[in-house]
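> CSV, C-alpha atoms, file work.csv:
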chain,number,residue,atom,x,y,z
A,2,MET,CA,19.9,-8.9,21.5
A,3,THR,CA,17.5,-6.4,20.0
A,4,GLU,CA,16.4,-3.2,21.7
A,5,LYS,CA,13.3,-1.3,20.4
A,6,ASN,CA,13.1,1.7,22.7
A,7,ILE,CA,12.0,5.0,21.2
A,8,VAL,CA,14.7,7.5,21.9
A,9,ASP,CA,15.0,11.3,21.7
A,10,SER,CA,18.3,11.9,19.9
A,11,ARG,CA,17.6,15.5,19.1
A,12,THR,CA,20.6,17.9,19.1
A,13,ASP,CA,20.5,21.7,19.1
A,14,LEU,CA,20.5,21.5,15.3
A,15,GLN,CA,17.4,19.4,15.2
A,16,ARG,CA,15.6,21.6,17.8
A,17,ARG,CA,16.2,24.6,15.5
A,18,ASN,CA,15.0,22.7,12.5
A,19,THR,CA,11.4,23.5,11.4
A,20,LEU,CA,11.0,20.4,9.2
A,21,VAL,CA,8.7,17.5,10.1
A,22,ALA,CA,10.2,15.1,12.6
A,23,PRO,CA,11.1,11.5,11.5
A,24,LYS,CA,8.2,9.1,11.3
A,25,LYS,CA,9.8,6.4,13.4
A,26,ILE,CA,13.0,6.2,15.3
A,27,GLU,CA,14.3,3.0,16.9
A,28,TYR,CA,17.4,2.1,18.8
A,29,LEU,CA,18.7,-1.3,17.8
A,30,CYS,CA,21.5,-3.7,18.3
A,31,ASP,CA,22.5,-5.8,15.4
A,32,MET,CA,25.6,-8.1,15.4
A,33,ASP,CA,28.4,-6.1,16.9
A,34,LEU,CA,27.2,-2.7,15.8
A,35,LYS,CA,24.5,-0.7,17.6
A,36,TYR,CA,22.7,1.8,15.5
A,37,LEU,CA,19.9,4.4,15.3
A,38,LEU,CA,17.4,3.9,12.5
A,39,ARG,CA,14.7,6.2,11.0
A,40,GLU,CA,12.1,4.4,8.9
A,41,PRO,CA,10.1,6.3,6.2
A,42,LYS,CA,6.4,6.1,6.2
A,43,ASN,CA,6.4,3.6,3.3
A,44,ILE,CA,9.1,1.1,2.4
A,45,SER,CA,9.4,-0.7,-0.9
A,46,SER,CA,12.2,-2.6,-2.7
A,47,LYS,CA,13.4,0.7,-4.1
A,48,THR,CA,13.6,2.7,-0.9
A,49,PRO,CA,17.0,4.4,-0.7
A,50,LEU,CA,19.2,3.5,2.2
A,51,LEU,CA,21.6,6.0,3.8
A,52,ILE,CA,24.4,4.8,6.1
A,53,LEU,CA,25.9,7.4,8.5
A,54,LEU,CA,29.4,6.8,10.0
A,55,HIS,CA,30.5,9.1,12.8
A,56,GLY,CA,34.1,10.2,13.7
A,57,TYR,CA,36.6,9.2,16.4
A,58,GLY,CA,35.3,9.8,20.0
A,59,SER,CA,31.7,10.4,18.9
A,60,ASN,CA,28.7,8.1,18.6
A,61,GLU,CA,25.7,7.2,16.5
A,62,GLN,CA,23.7,10.2,17.6
A,63,ASP,CA,26.1,12.7,16.0
A,64,LEU,CA,25.3,12.5,12.3
A,65,PHE,CA,21.8,11.3,13.1
A,66,SER,CA,21.1,15.0,13.8
A,67,PHE,CA,21.0,15.4,10.0
A,68,VAL,CA,17.8,13.3,9.7
A,69,PRO,CA,15.3,16.2,9.8
A,70,THR,CA,16.7,17.7,6.6
A,71,LEU,CA,17.3,14.5,4.7
A,72,PRO,CA,14.7,13.0,2.3
A,73,GLU,CA,11.7,11.7,4.2
A,74,ASP,CA,11.3,8.7,2.0
A,75,TRP,CA,14.8,7.3,2.8
A,76,LEU,CA,15.6,4.6,5.3
A,77,ILE,CA,18.4,6.1,7.4
A,78,VAL,CA,20.8,4.1,9.7
A,79,SER,CA,23.5,5.6,11.9
A,80,PHE,CA,26.0,3.1,13.2
A,81,ARG,CA,28.0,3.3,16.4
A,82,ALA,CA,31.6,2.3,16.0
A,83,PRO,CA,32.6,-0.9,17.9
A,84,PHE,CA,35.6,0.2,19.9
A,85,ASN,CA,35.7,2.3,23.0
A,86,THR,CA,38.1,5.3,23.1
A,87,GLU,CA,40.3,6.2,26.0
A,88,TYR,CA,38.2,9.0,27.2
A,89,GLU,CA,34.6,9.0,25.8
A,90,GLY,CA,32.8,8.0,22.7
A,91,PHE,CA,33.7,5.3,20.2
A,92,SER,CA,36.1,4.7,17.3
A,93,TRP,CA,36.2,2.5,14.2
A,94,TYR,CA,39.9,1.9,15.0
A,95,ASP,CA,42.6,3.0,17.4
A,96,LEU,CA,45.0,5.8,16.5
A,97,ASP,CA,48.7,6.3,17.3
A,98,LEU,CA,49.4,9.8,16.2
A,99,MET,CA,53.0,9.5,17.3
A,100,ASN,CA,53.7,6.6,15.0
A,101,GLU,CA,53.7,8.0,11.4
A,102,GLU,CA,54.2,4.7,9.8
A,103,ASN,CA,51.4,2.9,11.7
A,104,ARG,CA,49.1,5.7,12.6
A,105,ILE,CA,46.0,3.6,12.3
A,106,ASP,CA,45.2,0.1,13.6
A,107,VAL,CA,44.6,-1.5,10.3
A,108,PRO,CA,43.2,-4.9,11.6
A,109,GLN,CA,40.6,-3.0,13.6
A,110,ALA,CA,39.7,-0.8,10.7
A,111,LYS,CA,39.2,-3.8,8.4
A,112,LYS,CA,37.1,-5.5,11.1
A,113,SER,CA,34.9,-2.4,11.2
A,114,LEU,CA,34.6,-2.4,7.4
A,115,GLU,CA,33.4,-6.0,7.5
A,116,ALA,CA,31.0,-5.3,10.3
A,117,ILE,CA,29.5,-2.4,8.5
A,118,LEU,CA,29.1,-4.4,5.3
A,119,GLU,CA,27.5,-7.3,7.1
A,120,SER,CA,25.1,-5.0,8.9
A,121,ILE,CA,24.2,-3.2,5.6
A,122,MET,CA,23.4,-6.6,4.0
A,123,LYS,CA,21.3,-7.7,6.9
A,124,ILE,CA,19.3,-4.5,7.0
A,125,SER,CA,18.8,-4.6,3.3
A,126,ASN,CA,17.5,-8.1,3.5
A,127,GLN,CA,15.3,-7.4,6.5
A,128,TYR,CA,13.6,-4.5,4.6
A,129,GLY,CA,13.6,-6.2,1.2
A,130,LEU,CA,15.7,-3.6,-0.4
A,131,THR,CA,16.5,-5.4,-3.6
A,132,ASP,CA,16.3,-2.6,-6.2
A,133,ASN,CA,17.4,0.4,-4.3
A,134,GLU,CA,20.4,2.7,-4.0
A,135,THR,CA,22.6,2.7,-0.9
A,136,HIS,CA,24.4,6.0,0.1
A,137,LEU,CA,27.2,6.7,2.6
A,138,ALA,CA,28.0,9.8,4.7
A,139,GLY,CA,31.0,9.7,6.9
A,140,PHE,CA,32.9,12.3,9.0
A,141,SER,CA,36.6,11.9,9.9
A,142,GLN,CA,37.2,8.2,10.6
A,143,GLY,CA,33.7,7.5,9.2
A,144,GLY,CA,34.7,9.4,6.0
A,145,ILE,CA,37.9,7.3,5.7
A,146,LEU,CA,35.8,4.2,5.9
A,147,SER,CA,33.3,5.6,3.4
A,148,TYR,CA,36.1,6.0,0.9
A,149,ALA,CA,37.2,2.4,1.5
A,150,LEU,CA,33.7,1.0,1.3
A,151,ALA,CA,32.9,2.8,-1.9
A,152,LEU,CA,36.1,2.2,-3.8
A,153,ASN,CA,36.4,-1.4,-2.7
A,154,TYR,CA,32.8,-2.3,-3.4
A,155,PRO,CA,31.5,0.3,-5.9
A,156,ASP,CA,28.7,-1.9,-7.1
A,157,LEU,CA,27.0,-1.6,-3.6
A,158,PHE,CA,26.9,2.2,-3.3
A,159,SER,CA,25.8,5.3,-5.1
A,160,LYS,CA,26.3,8.7,-3.4
A,161,ILE,CA,29.2,9.1,-0.9
A,162,ALA,CA,29.9,12.0,1.3
A,163,CYS,CA,33.4,12.1,2.8
A,164,MET,CA,33.8,15.0,5.3
A,165,SER,CA,37.0,16.1,7.0
A,166,CYS,CA,38.9,13.0,6.0
A,167,TYR,CA,41.2,11.4,3.5
A,168,PRO,CA,41.6,8.1,1.6
A,169,GLU,CA,43.7,5.7,3.7
A,170,GLU,CA,46.0,3.7,1.3
A,171,LYS,CA,46.2,0.8,3.8
A,172,LEU,CA,42.5,0.2,3.4
A,173,LEU,CA,42.5,0.5,-0.4
A,174,GLU,CA,44.8,-2.4,-1.3
A,175,ASN,CA,41.9,-4.0,-3.1
A,176,MET,CA,40.5,-0.9,-4.6
A,177,VAL,CA,38.6,-1.3,-7.8
A,178,LYS,CA,40.3,0.6,-10.7
A,179,ASP,CA,37.9,-0.4,-13.5
A,180,LYS,CA,36.5,3.0,-14.5
A,181,LYS,CA,33.3,1.3,-15.9
A,182,LYS,CA,32.5,-0.1,-12.4
A,183,LEU,CA,33.3,3.2,-10.7
A,184,GLU,CA,31.2,5.4,-13.0
A,185,ARG,CA,28.0,5.0,-10.9
A,186,LEU,CA,29.6,6.6,-7.9
A,187,ARG,CA,29.0,10.2,-6.9
A,188,PHE,CA,31.3,11.8,-4.3
A,189,PHE,CA,30.9,14.9,-2.2
A,190,VAL,CA,34.2,15.7,-0.5
A,191,SER,CA,34.4,18.6,2.0
A,192,HIS,CA,37.1,19.9,4.3
A,193,GLY,CA,37.8,22.9,6.6
A,194,ILE,CA,40.8,25.0,5.6
A,195,ASP,CA,41.8,25.3,9.2
A,196,ASP,CA,41.4,21.7,10.1
A,197,ALA,CA,44.1,20.9,12.7
A,198,VAL,CA,43.2,17.2,12.9
A,199,VAL,CA,43.3,16.1,9.3
A,200,PRO,CA,45.4,18.5,7.2
A,201,LEU,CA,43.8,20.0,4.1
A,202,ASP,CA,46.5,18.6,1.9
A,203,TRP,CA,45.5,15.1,3.0
A,204,ALA,CA,42.0,15.8,1.8
A,205,LYS,CA,43.2,17.1,-1.5
A,206,LYS,CA,44.9,13.7,-2.1
A,207,GLY,CA,41.3,12.3,-2.0
A,208,ALA,CA,40.3,14.6,-4.8
A,209,GLU,CA,43.4,13.6,-6.8
A,210,LEU,CA,42.7,10.0,-6.3
A,211,LEU,CA,39.1,10.4,-7.5
A,212,TYR,CA,40.2,12.4,-10.5
A,213,ASP,CA,42.7,9.7,-11.5
A,214,LEU,CA,40.0,7.1,-11.2
A,215,SER,CA,37.7,9.3,-13.4
A,216,CYS,CA,35.1,9.3,-10.6
A,217,TYR,CA,32.4,12.0,-10.5
A,218,PHE,CA,33.0,14.2,-7.5
A,219,SER,CA,32.9,17.7,-6.0
A,220,PHE,CA,35.6,18.9,-3.7
A,221,ARG,CA,34.8,21.8,-1.5
A,222,GLU,CA,36.7,23.8,1.1
A,223,TYR,CA,35.1,25.7,4.0
A,224,MET,CA,36.1,28.4,6.5
A,225,SER,CA,36.1,26.0,9.4
A,226,GLY,CA,38.2,23.6,11.4
A,227,HIS,CA,37.6,19.9,12.0
A,228,GLY,CA,33.9,20.1,11.7
A,229,VAL,CA,30.8,20.8,9.5
A,230,ASN,CA,29.8,24.4,9.4
A,231,GLN,CA,26.4,25.7,8.2
A,232,LYS,CA,27.5,26.2,4.5
A,233,ASN,CA,29.0,22.7,4.4
A,234,TYR,CA,25.8,21.3,5.9
A,235,MET,CA,23.6,23.0,3.3
A,236,ASP,CA,25.8,21.8,0.5
A,237,LEU,CA,25.7,18.3,1.8
A,238,MET,CA,21.9,18.4,2.0
A,239,ASP,CA,21.8,19.7,-1.5
A,240,PHE,CA,24.0,16.8,-2.7
A,241,PHE,CA,21.7,14.2,-1.2
A,242,GLN,CA,18.5,16.0,-2.4
A,243,LYS,CA,19.5,15.9,-6.0
I'd like the structure from this file rewritten - as structure tokens, please.


Amino acid sequence: MTEKNIVDSRTDLQRRNTLVAPKKIEYLCDMDLKYLLREPKNISSKTPLLILLHGYGSNEQDLFSFVPTLPEDWLIVSFRAPFNTEYEGFSWYDLDLMNEENRIDVPQAKKSLEAILESIMKISNQYGLTDNETHLAGFSQGGILSYALALNYPDLFSKIACMSCYPEEKLLENMVKDKKKLERLRFFVSHGIDDAVVPLDWAKKGAELLYDLSCYFSFREYMSGHGVNQKNYMDLMDFFQK
């Protein structure tokens, strides 16, 4: 089923933004993942593709609020996670915070990774993106999956933003360790020093992992909790604009 209804997904951040609005926004359903999509005015085989992955309990409109300050010539897709949460919003996998050994539902997480990859491939084929770069930006659960996607399939991605998250070992069993294959990746890792959901020490393990793999990355701490403050947002935009 495919829906093509124009939607107004503006958040307060977008309403404050003075930049030009996206050229075209569509609400689509592809396979098991729904998503918001912003098309640039012109699309070629080299058009960059940016994939946005929200966090637990949120939805596809969350990170889509970044669109007004992202490059206008990019194709931008914000996926909705496939699983319902207990209260509201969606998740990429269930959590059991009381179970330290099995905190995440690994089968669900791997199913989400497969769905994301399949959807990326289909979108790339649909738009004829044969000679482009594909970027990732994920927050919390979405950031955890961004780590897994980039390190398991480094040949598919370029710039990766991992916000308020950590690399989950159980999703990195097939991680590529060939430094030659990893050298194309560029990571932006950010975390709030007062994050009560994902401890800062967990995020630092991500920086240590990327260092050990000789990946190019920047690790930045911010005066915030589990979220993206204005400075973090500006640094993220600078990362993608370069």

> Go through segment 115-223 of chain A and flag each residue having an atom no more than 7 Å from segment 33-46 of chain A; for those, report the closest pair of atoms plus their distance in Å to one decimal, using all atoms listed in the file, ordered by chain and rising number, as CSV.


residue,atom,partner,partner_atom,distance
A:Gly129,CA,A:Ser46,CA,5.5
A:Leu130,CA,A:Ser46,CA,4.3
A:Thr131,CA,A:Ser46,CA,5.2
A:Asp132,CA,A:Ser46,CA,5.4
A:Asn133,CA,A:Ser46,CA,6.2

> How about saving the chosen residues, C-alpha atoms kept, as a PDB file, keeping the file's coordinate frame?


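Now in out-v5.pdb:
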ATOM      1  CA  GLY A 129      13.600  -6.200   1.200  1.00  0.00           C
ATOM      2  CA  LEU A 130      15.700  -3.600  -0.400  1.00  0.00           C
ATOM      3  CA  THR A 131      16.500  -5.400  -3.600  1.00  0.00           C
ATOM      4  CA  ASP A 132      16.300  -2.600  -6.200  1.00  0.00           C
ATOM      5  CA  ASN A 133      17.400   0.400  -4.300  1.00  0.00           C
TER       6      ASN A 133
END

> Select, from A:Lys171, A:Lys205, A:Lys112, A:His192, the residue with the minimum atom-to-atom distance to Ala149 of chain A, counting only C-alpha atoms.

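Answer, going by the shortest atom-to-atom distance: A:Lys171.
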
> Counting all atoms listed in the file, which residue out of A:Ile124, A:Leu76, A:Val68, A:Met164 sits closest to Ser141 of chain A?

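Of A:Ile124, A:Leu76, A:Val68, A:Met164, the one nearest Ser141 of chain A, counting all atoms listed in the file, is A:Met164.
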
> For a test of reading the model, state the distance in Å between atom CA of Leu173 of chain A and atom CA of Leu150 of chain A, rounded to one decimal.

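Atom CA of Leu150 of chain A lies at a distance of 9.0 Å from atom CA of Leu173 of chain A.
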
> Determine, for each residue of segment 137-229 of chain A having at least one atom at most 10 Å from an atom of segment 103-110 of chain A, the closest pair of atoms and their separation in Å to one decimal, counting all atoms listed in the file; order by chain and ascending number, as a tab-separated table.


residue	atom	partner	partner_atom	distance
A:Gln142	CA	A:Ala110	CA	9.3
A:Ile145	CA	A:Ala110	CA	9.7
A:Leu146	CA	A:Ala110	CA	8.0
A:Glu169	CA	A:Ile105	CA	9.1
A:Lys171	CA	A:Val107	CA	7.1
A:Leu172	CA	A:Val107	CA	7.4

> Quick check, in Å to one decimal: how far apart do atom CA of Asn60 of chain A and atom CA of Thr48 of chain A lie?

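About the pair atom CA of Asn60 of chain A and atom CA of Thr48 of chain A: they are 25.2 Å apart.
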
> I'd like to know which of A:His136, A:Lys178, A:Lys47, A:Lys232 is closest to Asp213 of chain A, using all atoms listed in the file.

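Checking each of A:His136, A:Lys178, A:Lys47, A:Lys232 against Asp213 of chain A, counting all atoms listed in the file, the winner is A:Lys178.
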
> Figure out the distance between atom CA of Pro72 of chain A and atom CA of Ser191 of chain A, please, to one decimal in Å.

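Separation between atom CA of Ser191 of chain A and atom CA of Pro72 of chain A: 20.5 Å.
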
> Excluding Val198 of chain A and residues on its chain fewer than 4 positions from it, collect all residues at most 10 Å away from it, counting all atoms listed in the file, and give them as number ranges by chain.

A: 141, 165-166, 226-228

> I need the residue nearest Gln242 of chain A from this list: A:Lys160, A:Pro155, A:Ser92, A:Ser79. Use all atoms listed in the file for the distance.

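Among A:Lys160, A:Pro155, A:Ser92, A:Ser79, it is A:Lys160 that comes nearest to Gln242 of chain A.
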
> Would you please work out which residue, of A:Glu222, A:Glu170, A:Glu134, A:Asp239, is nearest to Asp195 of chain A when using all atoms listed in the file?

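Looking at the shortest contact to Asp195 of chain A, the residue is A:Glu222.
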
> Excluding same-chain residues fewer than 4 positions from Leu54 of chain A, what lies within 6 Å of it counting only C-alpha atoms, as a ChimeraX atom specification?

/A:80,139,143

> Here is a test: counting only C-alpha atoms, which residue of A:Gly193, A:Gly144, A:Pro49, A:Pro168 is nearest to Asp74 of chain A?

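Of the candidates, the smallest distance to Asp74 of chain A is held by A:Pro49.
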
> Could you pull the residues within 10 Å of Phe240 of chain A, counting only C-alpha atoms, minus those fewer than 6 positions along the same chain, as an NGL selection string?

:A and (160-162 or 187-189 or 219 or 234)
